Structures are given as C-alpha cells and as structure tokens.
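Chemist: Pasting a structure here, questions to come.
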Amino acid sequence: MTGFTPENQAVPSPAPATKHVPELGPQAKPKRNKYAFACAILASMTSILLGYDLKISDLQIGILAGILNIYSLLGSCAAGRTSDWIGRRYTIVLAGAIFFAGALLMGFAPNYAFLMFGRFVAGIGVGYALMIAPVYTAEVSPASSRGFLTSFPEVFINAGIMLGYVSNLAFSKFPLKLGWRFMLGIGAIPSVVLAIGVLAMPESPRWLVMQGRLGEAKRVLDKTSDSPAEASLRLEDIKEAAGIPADCHDDVVQVSRRNSHGEGVWKELLLRPTPAVRRVMIAAIGIHFFQQASGIDAVVLFSPRIFKTAGLETDHEQLLATVAVGIVKTSFILVATFLLDRVGRRPLLLTSVGGMVLSLAVLGTSLTVIDQSDKKVMWAVVLSIATVMTYVATFSIGAGPITWVYSSEIFPLRLRSQGSSMGVVVNRVTSGVISMTFLPMSKGMTTGGAFYLFGGIATVAWVFFYTFLPETQGRMLEDMDELFSGFRWRDSKSNNKNSSSNPEVEIGLNKQ
C-alpha cells in the first residue's frame, strides 16, 4: 500500500494527448460487451419498481398516484450519499430490499392508512432505484455503448407501467378488496429477482478507484471494456479524475476521506461551483424538469380518463386503449436504445421534443372540439386516440430515456452520485405536482387546455435543449468537464464527430 493521499483536483498531465484504441480491422466495430450488458440489465431492474403502480378508486387515485413521487424524494436525497459510502452495488440491494418491504406492507394493508404507510416505504425504495440504476450503468459501461446500456432503466420503467396496465385489466374481474392486493403483492417479485441477480454484479470501477482499490477496479474494467487497451485508458482517466498519479500501480492506495466518502460535495455543487459544474447542474436539473413538466405522467396515469373524454365509454374499452399506450411506449423505448449510440443524444432529443409539441397541440385541439360538441365527433375521437399514441411514442424515443442517460454521465466523478440525486429530486417533485394537479387543472381549464399548456412547456424545453445541451455521444465520462466548459451550441455538431470509419476509435480528449 502506498501512502499517497489525493487531493480534490486531478494531477495535470505534462502535455495534452489524444488517446485512441486501435481497432481489430479497418472496418471492424467493437462487439457489445456482454458482461456490461448483463450488469446493466440487473441494475436497471430496480427501475421497474417505479413503473409498477396501482389503480383503485376514483377518489383516492390522484393522491396515491402523486404521493409516491413525494415519498421517493427521501430515497433520492439519501441515495447519493449512501452510494458514496457503501458503494453502487449495495445501494441497488438496499433499494430492492426497501421496496420489497413496502410491497408486502401494501399487499397486506388492513386499511387505507396502512396502505399509505406501505406506499411511503416503497416510495423510499423507488427514490433509491431511480438514482442508482443509471449512475451504476453509466459507470460500468464502455463509451461505445453507454447510451444503449444506460437507457435500460427507462426500458424497465416502461415494463413496470405495462405490468401495471395489464394487471389492472387482469384483476379488474376480482373483487376490489382482492384485486389491488394481488397487484401490489406481485410488485414484490422484481425485488426478489434483483436480490438474487445482484450476486453476479461487480462494483462500479469508478467507485472502487475513489476508495483506492485500483486492483479490483482494473479487473472490473477488463471485463466491461471493449478491449484491453480501452480498459487501460479508462483506468488511467478515472485515476486522473480521482487525483491519483498515473504512475501509481499499486492494487490498493490510501485516499482521503473527502474523496472516498463524498464529503464536501454539496458545497462544490451549490455554493462554490466552477463554471462547468454550474452548467452541468443547470443541464441536469433542466432536463429532468422538462421531462416531467411536459405532461407524460398525466398521460400515463390518467389515460383511461383521457380516453373517456375522447369518447370511449366502457371501462373495458378504456383499459384496452391504455394497454395499447403501454405497448407503444415500450416499443419505442426499445427503438431508442439502439439509436442512442448511433444517432446521438442531441438529435434524438430535439426530434423527440419536436414530435411531442406537435402531438400535444393536435391532442389539445381534438379534445377541445369534443368538449364543445353536443354530439360525438368521430374524427376528433380518432385523432385524440392517435395523438396520445404519437405523444408517448415521440416521448419514448428521446426525452424518456435520454433524461436518465444524460444526467448520469455529465457530472464529474466525485460529484456524480449526489449531483444525479438532485436531478432525480427535481424529476420526482415535478412528477408529483403534475400527477396531483392534472385532474383539478382539467376541470378548471378543460382537458384540452391542460394539454395546450403542456405543449407550451415542451416548446420551451426544445429551445432549452437546443441552446444549452452539448452532445455527449462517444465521450468518456472524465471528459465532461472540458466539454461543458467550452460548449457553444453552434459548435455542437462539430464537437460530436467521433468517426467510426477511421482505423482508430477516439475514446478520450485532450487533457488540460
């Protein structure tokens, strides 16, 4: 063991250098790392806990839908510091265990008050899961497939939503007091699967380096990188970001408590941020806020009511249409996972939000026509149902997954877990506000008017994303500080050139 104690700042390199990993052939592309893929799948299973939700009475659904987001704030706030203390891997275990306990409490709840207590416990587990899944996946994944793998949490959120829709339909024939108990009890199953699967997961190599455990970090990087050369370069960059000299090759080194336990992070994030960190914070908070403020939870949670407003009269018709929403949402999120590392984050996000603006405008118009007509207007009914589908499709191909991918990869190493938790807090607060106010807002300004409002917010979001968010495709996590320091939106396209046609793949940029 060496006696070196790193400071907060990285040791500067003697001279700038651009790093490359030689490929296997002129046209060869690195194969997707199966070990990193498996780790991402297991970590992202925690996100199914958010999507899995219940539907009981009209009187209570608004409170129950929104209150989970409020409860999850506690988990989101604590998750960053917890993961710095016990590691990313065991924080995933903790998230699953807390949700499991909450699901059991809800399933056996003898009354509404006890149900709300179980909801409170489960909400804390959801808060932990939302923060830790994308952070762990981003830190384990190689740069070539980080977008694909880090989008998995959104895939599993959609799987949870689908499970909720299907269970609502399947258990709708049961007596009410039994149906919702079955739905909530089944929600504990993913936690059990996760607890077993986590035994095969490694710890995040970046967290290991922050603890001075370089030997373990190297072994994880050897398994999760596309090539041995890339593993070495990733380790070199992580050591530099952690303030460990490049010539230090011991398996274990002594590090300062400030680095290993995330102390002083809030001061660096909020009180004395560098210009780059300030910009990262605004980007992370902005993308999380606009993801929810554009109304996705209003559509997901209250789609049966929207379809009722559109003219679908029976509960069965409304539930079937809602299941169709879930199928469309899940299908397009799967398409997005394959495009993130090919097209890039920025083009997909801008295209997605543009489609959302158009869909919301048409949806608001068609619902307004229906609301003001004395008889059924079939073209408006069809258009309303179609634009609900196009809205969730365009959301799922960009704004849905990219929010989690982007916010988990832009923070500096020492600030990543706690910075990401702040983004999740904003996400959950906004989601809770939208969920709790949509029904009163629909009554006060009509359902069509509410969607006009969401369309206006999405328009502001498009302008924000266009002018403020640089492209991160193919960039090493340790390069984000430099990227945000010098980003100008006019140069975004040129900054995103990471040609795969050259005989070498650039995986790192000049270090200052």
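Every chain in the structure tokens has a letter given in the order shown (A, B, ...), and although residue numbers restart at 1 in each chain, ligands are simply numbered from 1 in the order shown.
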List as a PDB file with N, CA, C and O atoms, in the first residue's frame the protein and nucleic acid residues near Val377 (chain A), meaning an atom at most 10 Å away when only C-alpha atoms are counted, but skip any in the same chain fewer than 5 places from it.

Modeler:
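Output contents, as saved in result-v7.pdb:
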```
ATOM      1  N   ALA A 310     -62.381  11.366 -24.658  1.00  0.00           N
ATOM      2  CA  ALA A 310     -62.347  11.272 -26.119  1.00  0.00           C
ATOM      3  C   ALA A 310     -63.540  10.506 -26.687  1.00  0.00           C
ATOM      4  O   ALA A 310     -63.774  10.553 -27.898  1.00  0.00           O
ATOM      5  N   GLY A 311     -64.274   9.770 -25.817  1.00  0.00           N
ATOM      6  CA  GLY A 311     -65.470   9.101 -26.325  1.00  0.00           C
ATOM      7  C   GLY A 311     -65.524   7.607 -26.127  1.00  0.00           C
ATOM      8  O   GLY A 311     -66.511   6.967 -26.513  1.00  0.00           O
ATOM      9  N   SER A 366     -58.131  18.494 -30.607  1.00  0.00           N
ATOM     10  CA  SER A 366     -59.174  17.477 -30.791  1.00  0.00           C
ATOM     11  C   SER A 366     -60.019  17.307 -29.535  1.00  0.00           C
ATOM     12  O   SER A 366     -61.246  17.153 -29.614  1.00  0.00           O
ATOM     13  N   VAL A 369     -62.428  20.233 -29.337  1.00  0.00           N
ATOM     14  CA  VAL A 369     -63.552  20.045 -30.266  1.00  0.00           C
ATOM     15  C   VAL A 369     -64.583  19.098 -29.660  1.00  0.00           C
ATOM     16  O   VAL A 369     -65.803  19.347 -29.700  1.00  0.00           O
ATOM     17  N   ILE A 370     -64.109  17.983 -29.080  1.00  0.00           N
ATOM     18  CA  ILE A 370     -65.015  17.004 -28.458  1.00  0.00           C
ATOM     19  C   ILE A 370     -65.770  17.637 -27.294  1.00  0.00           C
ATOM     20  O   ILE A 370     -66.979  17.449 -27.127  1.00  0.00           O
ATOM     21  N   ASP A 371     -65.051  18.415 -26.483  1.00  0.00           N
ATOM     22  CA  ASP A 371     -65.638  19.019 -25.287  1.00  0.00           C
ATOM     23  C   ASP A 371     -66.734  20.031 -25.639  1.00  0.00           C
ATOM     24  O   ASP A 371     -67.709  20.185 -24.893  1.00  0.00           O
ATOM     25  N   VAL A 382     -60.990   9.781 -33.052  1.00  0.00           N
ATOM     26  CA  VAL A 382     -59.874   9.023 -33.642  1.00  0.00           C
ATOM     27  C   VAL A 382     -58.572   9.806 -33.526  1.00  0.00           C
ATOM     28  O   VAL A 382     -57.518   9.249 -33.183  1.00  0.00           O
TER      29      VAL A 382
END
```

Chemist: Considering only C-alpha atoms, return as a PyMOL selection string whatever protein or nucleic-acid residues lie within 9 Å of Leu383 (chain A), sequence-local ones (same chain, fewer than 6 positions apart) excluded.

Modeler: chain A and resi 362-363+366-367

Chemist: Take the residues just selected and output them with N, CA, C and O atoms as a PDB file, in the first residue's frame.

Modeler:
```
ATOM      1  N   VAL A 362     -52.103  19.015 -31.322  1.00  0.00           N
ATOM      2  CA  VAL A 362     -53.229  18.358 -32.005  1.00  0.00           C
ATOM      3  C   VAL A 362     -54.154  17.701 -30.983  1.00  0.00           C
ATOM      4  O   VAL A 362     -55.386  17.749 -31.121  1.00  0.00           O
ATOM      5  N   LEU A 363     -53.581  17.084 -29.925  1.00  0.00           N
ATOM      6  CA  LEU A 363     -54.397  16.454 -28.888  1.00  0.00           C
ATOM      7  C   LEU A 363     -55.267  17.495 -28.174  1.00  0.00           C
ATOM      8  O   LEU A 363     -56.462  17.269 -27.936  1.00  0.00           O
ATOM      9  N   SER A 366     -58.131  18.494 -30.607  1.00  0.00           N
ATOM     10  CA  SER A 366     -59.174  17.477 -30.791  1.00  0.00           C
ATOM     11  C   SER A 366     -60.019  17.307 -29.535  1.00  0.00           C
ATOM     12  O   SER A 366     -61.246  17.153 -29.614  1.00  0.00           O
ATOM     13  N   LEU A 367     -59.399  17.347 -28.341  1.00  0.00           N
ATOM     14  CA  LEU A 367     -60.166  17.235 -27.105  1.00  0.00           C
ATOM     15  C   LEU A 367     -61.054  18.459 -26.886  1.00  0.00           C
ATOM     16  O   LEU A 367     -62.154  18.345 -26.337  1.00  0.00           O
TER      17      LEU A 367
END
```

Chemist: One number please: CA of Val426 (chain A) to CA of Ala284 (chain A), in Å, one decimal.

Modeler: 9.4 Å

Chemist: Under the rule that only C-alpha atoms are counted, which of A:Gly96, A:Gly286, A:Pro304, A:Gly364 is the nearest residue to Ile132 (chain A)?

Modeler: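 Result for the nearest residue to Ile132 (chain A): A:Gly96.
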
Chemist: When distances are computed from only C-alpha atoms, which of A:Asn427, A:Gln254, A:Ser421, A:Ser485 shows the smallest separation from Phe289 (chain A)?

Modeler: A:Asn427

Chemist: Can you tell me, as a list in words, what residues are no more than 8 Å from Leu469 (chain A) when counting only C-alpha atoms, ignoring any on the same chain fewer than 4 positions away?

Modeler: Ala283, Arg346, Phe464, Phe465 and Trp489 of chain A

Chemist: Measuring between only C-alpha atoms, which one of A:Gly160, A:Gly102, A:Pro275, A:Pro347 shows the shortest distance to Leu115 (chain A)?

Modeler: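 Between A:Gly160, A:Gly102, A:Pro275, A:Pro347, the residue approaching Leu115 (chain A) most closely is A:Gly102.
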
Chemist: Go through region 230-280 of chain A and collect every residue that DSSP, computed from the backbone, puts in helix (DSSP H, G or I); the answer should be as a ChimeraX atom specification.

Modeler: /A:230-242,257-260,265-271,275-280
